[in-house]
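Chemist: See input-v9.txt below, with compact mmCIF, N, CA and C atoms and all ligand atoms.
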```txt
# COMPACT_ATOMS: atom_id res chain seq x y z
N MET A 1 -8.51 -10.05 -18.03
CA MET A 1 -8.25 -11.26 -18.82
C MET A 1 -8.60 -12.49 -17.99
N GLN A 2 -9.36 -13.38 -18.53
CA GLN A 2 -9.73 -14.59 -17.82
C GLN A 2 -8.77 -15.71 -18.19
N ALA A 3 -8.56 -16.66 -17.24
CA ALA A 3 -7.74 -17.82 -17.54
C ALA A 3 -8.48 -18.65 -18.60
N GLU A 4 -7.80 -18.89 -19.72
CA GLU A 4 -8.47 -19.60 -20.82
C GLU A 4 -8.25 -21.11 -20.74
N LYS A 5 -7.11 -21.49 -20.11
CA LYS A 5 -6.80 -22.91 -20.06
C LYS A 5 -7.42 -23.52 -18.81
N PRO A 6 -7.71 -24.84 -18.79
CA PRO A 6 -8.29 -25.43 -17.61
C PRO A 6 -7.31 -25.36 -16.44
N PRO A 7 -7.81 -25.16 -15.19
CA PRO A 7 -6.91 -25.07 -14.06
C PRO A 7 -6.18 -26.40 -13.82
N ILE A 8 -4.97 -26.33 -13.33
CA ILE A 8 -4.27 -27.55 -12.96
C ILE A 8 -4.18 -27.61 -11.44
N LYS A 9 -4.09 -28.81 -10.91
CA LYS A 9 -4.03 -28.99 -9.46
C LYS A 9 -2.58 -28.89 -9.00
N ILE A 10 -2.39 -28.12 -7.95
CA ILE A 10 -1.03 -27.99 -7.40
C ILE A 10 -1.04 -28.26 -5.90
N ALA A 11 0.13 -28.57 -5.37
CA ALA A 11 0.31 -28.69 -3.92
C ALA A 11 1.26 -27.59 -3.51
N VAL A 12 1.00 -26.99 -2.34
CA VAL A 12 1.83 -25.88 -1.86
C VAL A 12 2.65 -26.33 -0.65
N GLY A 13 3.93 -25.99 -0.65
CA GLY A 13 4.78 -26.31 0.50
C GLY A 13 6.04 -25.46 0.46
N LYS A 14 6.84 -25.55 1.52
CA LYS A 14 8.10 -24.81 1.55
C LYS A 14 9.08 -25.46 0.59
N ALA A 15 9.94 -24.65 -0.01
CA ALA A 15 10.92 -25.13 -0.99
C ALA A 15 11.97 -26.02 -0.33
N THR A 16 12.38 -27.06 -1.03
CA THR A 16 13.50 -27.88 -0.56
C THR A 16 14.78 -27.29 -1.17
N PRO A 17 15.96 -27.62 -0.63
CA PRO A 17 17.20 -27.08 -1.19
C PRO A 17 17.34 -27.40 -2.69
N GLU A 18 16.89 -28.59 -3.09
CA GLU A 18 16.99 -28.99 -4.51
C GLU A 18 16.10 -28.14 -5.40
N GLU A 19 15.04 -27.57 -4.83
CA GLU A 19 14.10 -26.79 -5.64
C GLU A 19 14.51 -25.33 -5.81
N ILE A 20 15.46 -24.87 -5.00
CA ILE A 20 15.84 -23.45 -5.05
C ILE A 20 16.30 -23.00 -6.45
N PRO A 21 17.13 -23.80 -7.17
CA PRO A 21 17.51 -23.35 -8.53
C PRO A 21 16.30 -23.18 -9.45
N LEU A 22 15.27 -24.03 -9.27
CA LEU A 22 14.07 -23.91 -10.10
C LEU A 22 13.30 -22.63 -9.77
N VAL A 23 13.27 -22.30 -8.48
CA VAL A 23 12.62 -21.06 -8.04
C VAL A 23 13.34 -19.86 -8.66
N LEU A 24 14.67 -19.87 -8.59
CA LEU A 24 15.46 -18.76 -9.12
C LEU A 24 15.23 -18.61 -10.63
N ASP A 25 15.14 -19.74 -11.30
CA ASP A 25 14.91 -19.74 -12.74
C ASP A 25 13.56 -19.09 -13.08
N ILE A 26 12.52 -19.45 -12.32
CA ILE A 26 11.19 -18.87 -12.55
C ILE A 26 11.21 -17.37 -12.26
N TYR A 27 11.84 -16.97 -11.15
CA TYR A 27 11.90 -15.54 -10.81
C TYR A 27 12.65 -14.75 -11.90
N ARG A 28 13.72 -15.34 -12.43
CA ARG A 28 14.46 -14.63 -13.48
C ARG A 28 13.59 -14.46 -14.71
N LYS A 29 12.85 -15.53 -15.06
CA LYS A 29 11.97 -15.45 -16.24
C LYS A 29 10.90 -14.38 -16.04
N ARG A 30 10.43 -14.22 -14.77
CA ARG A 30 9.34 -13.28 -14.47
C ARG A 30 9.87 -11.91 -14.06
N LYS A 31 11.20 -11.75 -14.09
CA LYS A 31 11.84 -10.50 -13.66
C LYS A 31 11.48 -10.15 -12.21
N ALA A 32 11.32 -11.18 -11.39
CA ALA A 32 11.08 -10.97 -9.95
C ALA A 32 12.44 -11.04 -9.25
N ASP A 33 12.52 -10.42 -8.08
CA ASP A 33 13.78 -10.34 -7.34
C ASP A 33 14.21 -11.72 -6.82
N THR A 34 15.46 -12.08 -7.01
CA THR A 34 15.94 -13.38 -6.52
C THR A 34 16.64 -13.25 -5.17
N TRP A 35 16.81 -12.01 -4.73
CA TRP A 35 17.42 -11.76 -3.44
C TRP A 35 16.50 -12.30 -2.35
N ARG A 36 17.00 -12.80 -1.26
CA ARG A 36 16.27 -13.29 -0.10
C ARG A 36 15.73 -14.72 -0.25
N VAL A 37 15.88 -15.33 -1.41
CA VAL A 37 15.27 -16.65 -1.60
C VAL A 37 15.97 -17.71 -0.75
N GLY A 38 15.20 -18.37 0.11
CA GLY A 38 15.73 -19.45 0.93
C GLY A 38 14.63 -20.47 1.19
N CYS A 39 14.99 -21.60 1.78
CA CYS A 39 13.99 -22.65 2.02
C CYS A 39 12.98 -22.25 3.09
N ASP A 40 13.44 -21.49 4.09
CA ASP A 40 12.55 -21.13 5.21
C ASP A 40 11.48 -20.13 4.81
N ASN A 41 11.78 -19.32 3.80
CA ASN A 41 10.86 -18.21 3.49
C ASN A 41 10.32 -18.27 2.06
N THR A 42 10.43 -19.44 1.43
CA THR A 42 9.92 -19.57 0.06
C THR A 42 8.94 -20.74 -0.04
N TYR A 43 7.75 -20.42 -0.53
CA TYR A 43 6.74 -21.45 -0.80
C TYR A 43 6.79 -21.77 -2.28
N VAL A 44 6.57 -23.05 -2.60
CA VAL A 44 6.50 -23.43 -4.01
C VAL A 44 5.16 -24.09 -4.31
N ALA A 45 4.76 -23.99 -5.59
CA ALA A 45 3.61 -24.72 -6.11
C ALA A 45 4.18 -25.87 -6.91
N ARG A 46 3.78 -27.10 -6.56
CA ARG A 46 4.24 -28.29 -7.31
C ARG A 46 3.06 -28.86 -8.08
N ASN A 47 3.28 -29.16 -9.35
CA ASN A 47 2.21 -29.77 -10.14
C ASN A 47 2.15 -31.28 -9.85
N ALA A 48 1.28 -32.01 -10.54
CA ALA A 48 1.07 -33.43 -10.22
C ALA A 48 2.37 -34.25 -10.28
N PRO A 49 3.24 -34.04 -11.28
CA PRO A 49 4.51 -34.79 -11.27
C PRO A 49 5.51 -34.27 -10.23
N GLY A 50 5.13 -33.22 -9.50
CA GLY A 50 6.02 -32.71 -8.45
C GLY A 50 7.00 -31.65 -8.91
N ILE A 51 6.77 -31.10 -10.10
CA ILE A 51 7.67 -30.07 -10.63
C ILE A 51 7.24 -28.69 -10.11
N VAL A 52 8.23 -27.85 -9.78
CA VAL A 52 7.93 -26.49 -9.31
C VAL A 52 7.44 -25.64 -10.48
N VAL A 53 6.23 -25.08 -10.32
CA VAL A 53 5.66 -24.26 -11.40
C VAL A 53 5.38 -22.82 -10.94
N GLY A 54 5.67 -22.54 -9.66
CA GLY A 54 5.47 -21.18 -9.17
C GLY A 54 6.07 -21.05 -7.78
N ALA A 55 6.30 -19.81 -7.34
CA ALA A 55 6.89 -19.60 -6.02
C ALA A 55 6.53 -18.23 -5.45
N VAL A 56 6.58 -18.17 -4.11
CA VAL A 56 6.36 -16.92 -3.38
C VAL A 56 7.42 -16.85 -2.29
N THR A 57 8.11 -15.72 -2.20
CA THR A 57 9.13 -15.52 -1.16
C THR A 57 8.71 -14.34 -0.28
N PHE A 58 8.82 -14.53 1.04
CA PHE A 58 8.44 -13.45 1.96
C PHE A 58 9.59 -13.20 2.94
N PHE A 59 9.50 -12.12 3.67
CA PHE A 59 10.41 -11.90 4.79
C PHE A 59 9.63 -11.26 5.91
N GLU A 60 10.16 -11.44 7.12
CA GLU A 60 9.45 -10.99 8.30
C GLU A 60 9.86 -9.57 8.63
N THR A 61 8.87 -8.71 8.86
CA THR A 61 9.22 -7.34 9.26
C THR A 61 8.77 -7.07 10.68
N GLY A 62 8.25 -8.08 11.35
CA GLY A 62 7.83 -7.97 12.73
C GLY A 62 7.42 -9.36 13.13
N PRO A 63 7.17 -9.58 14.41
CA PRO A 63 6.83 -10.94 14.84
C PRO A 63 5.56 -11.48 14.18
N MET A 64 4.67 -10.59 13.74
CA MET A 64 3.41 -11.06 13.17
C MET A 64 3.17 -10.51 11.77
N THR A 65 4.20 -9.95 11.15
CA THR A 65 4.03 -9.32 9.85
C THR A 65 4.95 -9.94 8.80
N ALA A 66 4.34 -10.40 7.70
CA ALA A 66 5.10 -10.99 6.60
C ALA A 66 5.02 -10.07 5.39
N ASN A 67 6.16 -9.73 4.82
CA ASN A 67 6.21 -8.94 3.58
C ASN A 67 6.45 -9.88 2.41
N ILE A 68 5.58 -9.79 1.41
CA ILE A 68 5.78 -10.61 0.22
C ILE A 68 6.84 -9.94 -0.63
N HIS A 69 7.92 -10.67 -0.91
CA HIS A 69 9.03 -10.06 -1.63
C HIS A 69 9.00 -10.40 -3.12
N SER A 70 8.76 -11.68 -3.45
CA SER A 70 8.73 -12.09 -4.86
C SER A 70 7.61 -13.09 -5.10
N VAL A 71 6.99 -12.96 -6.25
CA VAL A 71 5.93 -13.88 -6.68
C VAL A 71 6.19 -14.20 -8.15
N GLY A 72 6.10 -15.46 -8.52
CA GLY A 72 6.26 -15.79 -9.94
C GLY A 72 5.67 -17.14 -10.27
N VAL A 73 5.01 -17.19 -11.42
CA VAL A 73 4.50 -18.45 -11.95
C VAL A 73 5.25 -18.70 -13.26
N ASP A 74 5.69 -19.94 -13.46
CA ASP A 74 6.37 -20.30 -14.71
C ASP A 74 5.49 -19.88 -15.88
N PRO A 75 6.03 -19.09 -16.83
CA PRO A 75 5.21 -18.61 -17.95
C PRO A 75 4.47 -19.74 -18.68
N ALA A 76 5.06 -20.93 -18.71
CA ALA A 76 4.42 -22.06 -19.41
C ALA A 76 3.14 -22.52 -18.68
N PHE A 77 2.99 -22.10 -17.42
CA PHE A 77 1.83 -22.53 -16.62
C PHE A 77 0.94 -21.35 -16.24
N GLU A 78 1.15 -20.22 -16.87
CA GLU A 78 0.38 -19.03 -16.54
C GLU A 78 -1.09 -19.19 -16.94
N GLY A 79 -1.97 -18.58 -16.17
CA GLY A 79 -3.40 -18.59 -16.52
C GLY A 79 -4.09 -19.92 -16.28
N LYS A 80 -3.47 -20.78 -15.46
CA LYS A 80 -4.07 -22.09 -15.18
C LYS A 80 -4.45 -22.23 -13.71
N GLY A 81 -4.55 -21.12 -13.02
CA GLY A 81 -4.97 -21.16 -11.62
C GLY A 81 -3.84 -21.43 -10.65
N VAL A 82 -2.60 -21.49 -11.13
CA VAL A 82 -1.47 -21.78 -10.23
C VAL A 82 -1.26 -20.65 -9.22
N GLY A 83 -1.22 -19.41 -9.73
CA GLY A 83 -0.97 -18.26 -8.86
C GLY A 83 -2.01 -18.14 -7.76
N LYS A 84 -3.24 -18.34 -8.13
CA LYS A 84 -4.33 -18.20 -7.16
C LYS A 84 -4.26 -19.29 -6.08
N GLN A 85 -4.08 -20.54 -6.49
CA GLN A 85 -3.99 -21.63 -5.51
C GLN A 85 -2.76 -21.47 -4.63
N LEU A 86 -1.65 -21.05 -5.25
CA LEU A 86 -0.41 -20.88 -4.50
C LEU A 86 -0.58 -19.79 -3.44
N PHE A 87 -1.12 -18.65 -3.86
CA PHE A 87 -1.24 -17.53 -2.93
C PHE A 87 -2.22 -17.84 -1.80
N LYS A 88 -3.30 -18.57 -2.13
CA LYS A 88 -4.24 -19.01 -1.09
C LYS A 88 -3.53 -19.88 -0.06
N GLY A 89 -2.70 -20.81 -0.55
CA GLY A 89 -1.96 -21.70 0.34
C GLY A 89 -0.97 -20.94 1.21
N VAL A 90 -0.34 -19.92 0.63
CA VAL A 90 0.63 -19.11 1.38
C VAL A 90 -0.08 -18.35 2.50
N ILE A 91 -1.20 -17.73 2.16
CA ILE A 91 -1.96 -16.96 3.16
C ILE A 91 -2.38 -17.88 4.31
N GLU A 92 -2.88 -19.06 3.97
CA GLU A 92 -3.34 -20.01 4.98
C GLU A 92 -2.19 -20.44 5.89
N ASP A 93 -1.05 -20.76 5.29
CA ASP A 93 0.09 -21.23 6.08
C ASP A 93 0.65 -20.13 6.97
N LEU A 94 0.73 -18.90 6.43
CA LEU A 94 1.23 -17.79 7.24
C LEU A 94 0.29 -17.57 8.43
N LYS A 95 -1.00 -17.66 8.17
CA LYS A 95 -1.99 -17.49 9.24
C LYS A 95 -1.82 -18.58 10.30
N ASN A 96 -1.67 -19.83 9.84
CA ASN A 96 -1.49 -20.94 10.78
C ASN A 96 -0.21 -20.81 11.59
N ASN A 97 0.75 -20.05 11.05
CA ASN A 97 2.02 -19.87 11.76
C ASN A 97 2.04 -18.59 12.59
N GLY A 98 0.88 -18.00 12.80
CA GLY A 98 0.77 -16.89 13.73
C GLY A 98 0.88 -15.50 13.13
N TYR A 99 1.08 -15.40 11.81
CA TYR A 99 1.16 -14.06 11.21
C TYR A 99 -0.23 -13.43 11.22
N ARG A 100 -0.26 -12.14 11.42
CA ARG A 100 -1.53 -11.42 11.48
C ARG A 100 -1.68 -10.41 10.35
N VAL A 101 -0.57 -10.06 9.70
CA VAL A 101 -0.61 -9.06 8.64
C VAL A 101 0.31 -9.50 7.49
N ILE A 102 -0.19 -9.36 6.26
CA ILE A 102 0.66 -9.60 5.09
C ILE A 102 0.72 -8.30 4.30
N VAL A 103 1.93 -7.89 3.93
CA VAL A 103 2.14 -6.63 3.20
C VAL A 103 2.77 -6.95 1.85
N VAL A 104 2.29 -6.29 0.80
CA VAL A 104 2.96 -6.41 -0.51
C VAL A 104 3.23 -5.01 -1.05
N ALA A 105 4.36 -4.89 -1.74
CA ALA A 105 4.66 -3.61 -2.39
C ALA A 105 3.64 -3.43 -3.50
N TYR A 106 3.04 -2.30 -3.52
CA TYR A 106 1.97 -2.03 -4.48
C TYR A 106 2.54 -1.58 -5.82
N GLN A 107 2.09 -2.27 -6.87
CA GLN A 107 2.45 -1.85 -8.22
C GLN A 107 1.17 -1.92 -9.04
N ASN A 108 0.95 -0.92 -9.85
CA ASN A 108 -0.27 -0.91 -10.66
C ASN A 108 -0.46 -2.20 -11.45
N LYS A 109 0.67 -2.75 -11.92
CA LYS A 109 0.56 -3.88 -12.82
C LYS A 109 0.07 -5.16 -12.15
N ASN A 110 0.21 -5.26 -10.81
CA ASN A 110 -0.26 -6.49 -10.18
C ASN A 110 -1.29 -6.29 -9.08
N GLN A 111 -1.83 -5.09 -8.99
CA GLN A 111 -2.83 -4.79 -7.97
C GLN A 111 -4.03 -5.73 -8.10
N TRP A 112 -4.45 -6.00 -9.34
CA TRP A 112 -5.60 -6.86 -9.59
C TRP A 112 -5.43 -8.23 -8.96
N PHE A 113 -4.19 -8.73 -8.94
CA PHE A 113 -3.94 -10.07 -8.40
C PHE A 113 -4.19 -10.07 -6.89
N TYR A 114 -3.65 -9.08 -6.18
CA TYR A 114 -3.77 -9.05 -4.73
C TYR A 114 -5.18 -8.71 -4.26
N GLU A 115 -5.88 -7.92 -5.05
CA GLU A 115 -7.27 -7.58 -4.66
C GLU A 115 -8.13 -8.83 -4.57
N LYS A 116 -7.82 -9.84 -5.35
CA LYS A 116 -8.59 -11.09 -5.33
C LYS A 116 -8.57 -11.77 -3.96
N PHE A 117 -7.53 -11.48 -3.18
CA PHE A 117 -7.39 -12.12 -1.87
C PHE A 117 -7.81 -11.19 -0.73
N GLY A 118 -8.31 -10.01 -1.07
CA GLY A 118 -8.80 -9.08 -0.06
C GLY A 118 -7.78 -8.05 0.38
N PHE A 119 -6.62 -7.98 -0.29
CA PHE A 119 -5.64 -6.95 0.07
C PHE A 119 -6.23 -5.57 -0.21
N LYS A 120 -5.94 -4.62 0.70
CA LYS A 120 -6.42 -3.24 0.54
C LYS A 120 -5.21 -2.31 0.49
N GLU A 121 -5.37 -1.23 -0.28
CA GLU A 121 -4.28 -0.26 -0.38
C GLU A 121 -4.12 0.46 0.96
N ARG A 122 -2.89 0.44 1.52
CA ARG A 122 -2.64 1.11 2.80
C ARG A 122 -2.03 2.48 2.57
N ASN A 123 -1.18 2.58 1.58
CA ASN A 123 -0.59 3.86 1.20
C ASN A 123 -0.18 3.73 -0.26
N PRO A 124 0.35 4.78 -0.87
CA PRO A 124 0.63 4.71 -2.32
C PRO A 124 1.63 3.63 -2.73
N SER A 125 2.28 2.97 -1.76
CA SER A 125 3.26 1.96 -2.18
C SER A 125 3.00 0.57 -1.61
N GLU A 126 1.94 0.42 -0.79
CA GLU A 126 1.73 -0.88 -0.16
C GLU A 126 0.27 -1.31 -0.12
N MET A 127 0.08 -2.63 -0.24
CA MET A 127 -1.24 -3.21 -0.01
C MET A 127 -1.13 -4.16 1.18
N VAL A 128 -2.20 -4.27 1.95
CA VAL A 128 -2.15 -5.01 3.20
C VAL A 128 -3.35 -5.95 3.34
N LEU A 129 -3.09 -7.14 3.89
CA LEU A 129 -4.16 -8.06 4.23
C LEU A 129 -4.05 -8.40 5.71
N GLU A 130 -5.13 -8.14 6.46
CA GLU A 130 -5.14 -8.50 7.88
C GLU A 130 -5.74 -9.90 7.99
N LEU A 131 -5.05 -10.79 8.68
CA LEU A 131 -5.49 -12.19 8.74
C LEU A 131 -6.39 -12.44 9.95
C1 LIG A 201 0.64 -12.62 -11.40
C2 LIG A 201 0.84 -14.13 -11.53
C3 LIG A 201 1.50 -14.63 -10.24
C4 LIG A 201 -0.54 -14.81 -11.71
O1 LIG A 201 -0.35 -16.22 -11.77
P1 LIG A 201 -1.27 -17.16 -12.69
O2 LIG A 201 -1.01 -18.58 -12.31
O3 LIG A 201 -1.11 -16.81 -14.11
O4 LIG A 201 -2.73 -16.69 -12.20
P2 LIG A 201 -4.05 -17.56 -12.12
O5 LIG A 201 -4.17 -18.43 -13.34
O6 LIG A 201 -4.13 -18.22 -10.80
O7 LIG A 201 -5.15 -16.40 -12.26
C5 LIG A 201 -5.51 -15.67 -11.13
C6 LIG A 201 -6.67 -14.81 -11.47
O8 LIG A 201 -6.25 -13.62 -12.13
C7 LIG A 201 -6.91 -13.45 -13.39
N1 LIG A 201 -5.96 -12.83 -14.29
C8 LIG A 201 -4.92 -13.43 -14.93
N2 LIG A 201 -4.20 -12.50 -15.61
C9 LIG A 201 -4.82 -11.28 -15.38
C10 LIG A 201 -4.55 -9.94 -15.79
N3 LIG A 201 -3.50 -9.63 -16.57
N4 LIG A 201 -5.36 -8.95 -15.33
C11 LIG A 201 -6.40 -9.23 -14.53
N5 LIG A 201 -6.72 -10.49 -14.10
C12 LIG A 201 -5.92 -11.50 -14.52
C13 LIG A 201 -7.34 -14.85 -13.75
O9 LIG A 201 -8.44 -14.81 -14.64
C14 LIG A 201 -7.71 -15.41 -12.41
O10 LIG A 201 -8.94 -14.90 -11.94
P3 LIG A 201 -10.24 -15.82 -11.71
O11 LIG A 201 -9.79 -17.08 -11.05
O12 LIG A 201 -11.10 -14.97 -10.83
O13 LIG A 201 -10.76 -16.06 -13.07
C15 LIG A 201 1.70 -14.49 -12.77
O14 LIG A 201 1.08 -13.97 -13.92
C16 LIG A 201 3.12 -14.00 -12.71
O15 LIG A 201 4.02 -14.70 -12.24
N6 LIG A 201 3.37 -12.76 -13.22
C17 LIG A 201 4.71 -12.20 -13.30
C18 LIG A 201 5.26 -11.74 -12.00
C19 LIG A 201 4.36 -10.77 -11.29
O16 LIG A 201 3.88 -9.79 -11.85
N7 LIG A 201 4.15 -11.06 -10.01
C20 LIG A 201 3.26 -10.31 -9.21
C21 LIG A 201 3.88 -9.61 -8.06
S1 LIG A 201 5.64 -9.51 -7.99
```
Starting from the file, give its structure as structure tokens.
Ligand SMILES: CC(C)(COP(=O)(O)OP(=O)(O)OC[C@H]1O[C@@H](n2cnc3c(N)ncnc32)[C@H](O)[C@@H]1OP(=O)(O)O)[C@@H](O)C(=O)NCCC(=O)NCCS
Modeler:
Amino acid sequence: MQAEKPPIKIAVGKATPEEIPLVLDIYRKRKADTWRVGCDNTYVARNAPGIVVGAVTFFETGPMTANIHSVGVDPAFEGKGVGKQLFKGVIEDLKNNGYRVIVVAYQNKNQWFYEKFGFKERNPSEMVLEL
């Protein structure tokens, strides 16, 4: 499925305490896990007015390894390039912060999304990107 709506411009950054309820709301709508969500480990996508329209939460499993725990784009903003820009920003920031490996739990339903960024299947339950 191709994005039918024109892409919107977003800025990527770490979540502020005030934005955490918005992140939780998006994760609940997307049935993504809300466990582990904090300001230090959650990136948000902000649209032009500065509203949170997507989020990614990770946790560290080693000094150089980040596991992606939750990903969600507000359904009202789906298919507008938010997920792609957000994930690109997350990968770049993790790399700049010294991470060398990103791991995501592999699910058939979202494999297509991670393949776009070069993630490769490591085993039947995980996909990995070496930075
Ligand atoms: C997966 C998700 C993060 C994508 O976010 P999004 O903002 O809608 O995605 P984008 O608009 O940036 O599109 C990304 C790319 O995927 C493509 N795409 C969108 N839906 C697709 C689908 N169902 N199958 C295949 N490709 C798809 C788009 O065409 C685009 O590709 P392109 O730029 O090469 O044309 C979002 O749909 C979401 O939150 N889903 C629910 C939660 C989820 O499954 N998270 C994933 C891991 S937990």
Chemist: Nearest to ligand LIG 201 (chain A) among A:Glu121, A:Glu115, A:Glu126, A:Glu78, with distances taken over only N, CA and C atoms and all ligand atoms: which residue is it?
Modeler: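 Smallest separation from ligand LIG 201 (chain A) among the options: A:Glu78.
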Chemist: In the coordinate frame of the file, compute which residues have an atom within 7 Å of (2.3, -13.0, 16.4) when using all atoms listed in the file, and state them as a list in words.
Modeler: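 Result, sorted by chain then residue number: Pro63, Met64, Thr65, Asn97, Gly98, Tyr99 and Arg100 of chain A.
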Chemist: Find the residues near ligand LIG 201 (chain A). Use a cut-off of 6.5 Å, count all atoms listed in the file, and write them as an MDAnalysis selection string.
Modeler: chainID A and resid 1:3 30:32 69:74 77:85 109:110 112:113
Chemist: Quick one: pull the distance between atom N of A:Phe59 and atom CA of A:Lys120, Å, one decimal.
Modeler: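 Going from atom N of A:Phe59 over to atom CA of A:Lys120 covers 18.5 Å.
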Chemist: Which residues are near A:Gly13? Cut-off 8 Å, only N, CA and C atoms, ignore same chain within fewer than 4 positions. Put them as a PyMOL selection string.
Modeler: chain A and resi 42-46+86+89-90
Chemist: Quick one: of A:Ala105, A:Thr16, A:Ile8, A:Asp25, who's nearest to A:Asn67, counting only N, CA and C atoms?
Modeler: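 The answer is A:Ala105, which sits nearest to A:Asn67.
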Chemist: What separation in Å, quoted to one decimal, exists between atom CA of A:Leu94 and atom CA of A:Arg28?
Modeler: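 Atom CA of A:Arg28 lies at a distance of 24.8 Å from atom CA of A:Leu94.
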Chemist: Can you work out which one of A:Pro124, A:Pro49, A:Gly62, A:Gly54 has the shortest atom-to-atom distance to A:Lys29, counting only C-alpha atoms?
Modeler: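 Using only C-alpha atoms, A:Lys29 sits closest to A:Gly54.
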Chemist: Calculate how many Å separate atom N of A:Phe58 from atom C of A:Phe87, rounding to one decimal.
Modeler: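 We find that atom N of A:Phe58 and atom C of A:Phe87 lie 11.9 Å from each other.
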Chemist: If you run DSSP over the backbone, which residues in chain A end up strand (DSSP E or B)? Put them as an NGL selection string.
Modeler: :A and (11-14 or 42-46 or 52-62 or 65-73 or 101-105 or 120-123 or 126-130)
Chemist: Tell me which of A:Val53, A:Leu22, A:Leu131, A:Ala15 sits closest to A:Asn41, counting all atoms listed in the file.
Modeler: A:Ala15
Chemist: Please extract the residues of stretch 11-75 of chain A with a backbone DSSP assignment of helix (DSSP H, G or I) and present them as number ranges by chain.
Modeler: A: 17-29, 75
Chemist: Calculate, to one decimal in Å, the centre and edge lengths of the box along x, y and z of the file that holds all listed atoms of stretch 49-62 of chain A with 8 Å of margin on each side, and present them as AutoDock Vina command-line options.
Modeler:
```
--center_x 6.8 --center_y -20.9 --center_z 0.9 --size_x 23.2 --size_y 43.7 --size_z 40.5
```
Chemist: With only N, CA and C atoms as the counted atoms, please give the residues lying no more than 7 Å from A:Phe119, apart from itself and same-chain residues fewer than 3 positions off, as a VMD selection string.
Modeler: chain A and resid 114 to 116 127 to 130
Chemist: Keeping only N, CA and C atoms, write the selected residues as an mmCIF file, in the coordinates of the input.
Modeler:
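Output below, filename result.cif:
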```cif
data_model
loop_
_atom_site.group_PDB
_atom_site.id
_atom_site.type_symbol
_atom_site.label_atom_id
_atom_site.label_comp_id
_atom_site.auth_asym_id
_atom_site.auth_seq_id
_atom_site.Cartn_x
_atom_site.Cartn_y
_atom_site.Cartn_z
ATOM 1 N N TYR A 114 -3.650 -9.080 -6.180
ATOM 2 C CA TYR A 114 -3.770 -9.050 -4.730
ATOM 3 C C TYR A 114 -5.180 -8.710 -4.260
ATOM 4 N N GLU A 115 -5.880 -7.920 -5.050
ATOM 5 C CA GLU A 115 -7.270 -7.580 -4.660
ATOM 6 C C GLU A 115 -8.130 -8.830 -4.570
ATOM 7 N N LYS A 116 -7.820 -9.840 -5.350
ATOM 8 C CA LYS A 116 -8.590 -11.090 -5.330
ATOM 9 C C LYS A 116 -8.570 -11.770 -3.960
ATOM 10 N N MET A 127 0.080 -2.630 -0.240
ATOM 11 C CA MET A 127 -1.240 -3.210 -0.010
ATOM 12 C C MET A 127 -1.130 -4.160 1.180
ATOM 13 N N VAL A 128 -2.200 -4.270 1.950
ATOM 14 C CA VAL A 128 -2.150 -5.010 3.200
ATOM 15 C C VAL A 128 -3.350 -5.950 3.340
ATOM 16 N N LEU A 129 -3.090 -7.140 3.890
ATOM 17 C CA LEU A 129 -4.160 -8.060 4.230
ATOM 18 C C LEU A 129 -4.050 -8.400 5.710
ATOM 19 N N GLU A 130 -5.130 -8.140 6.460
ATOM 20 C CA GLU A 130 -5.140 -8.500 7.880
ATOM 21 C C GLU A 130 -5.740 -9.900 7.990
#
```
Chemist: So, with only C-alpha atoms as the atoms that count, which of A:Val104, A:Arg36, A:Ile51, A:Thr61 lies closest to A:Glu18?
Modeler: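 Comparing A:Val104, A:Arg36, A:Ile51, A:Thr61 against A:Glu18, the winner is A:Ile51.
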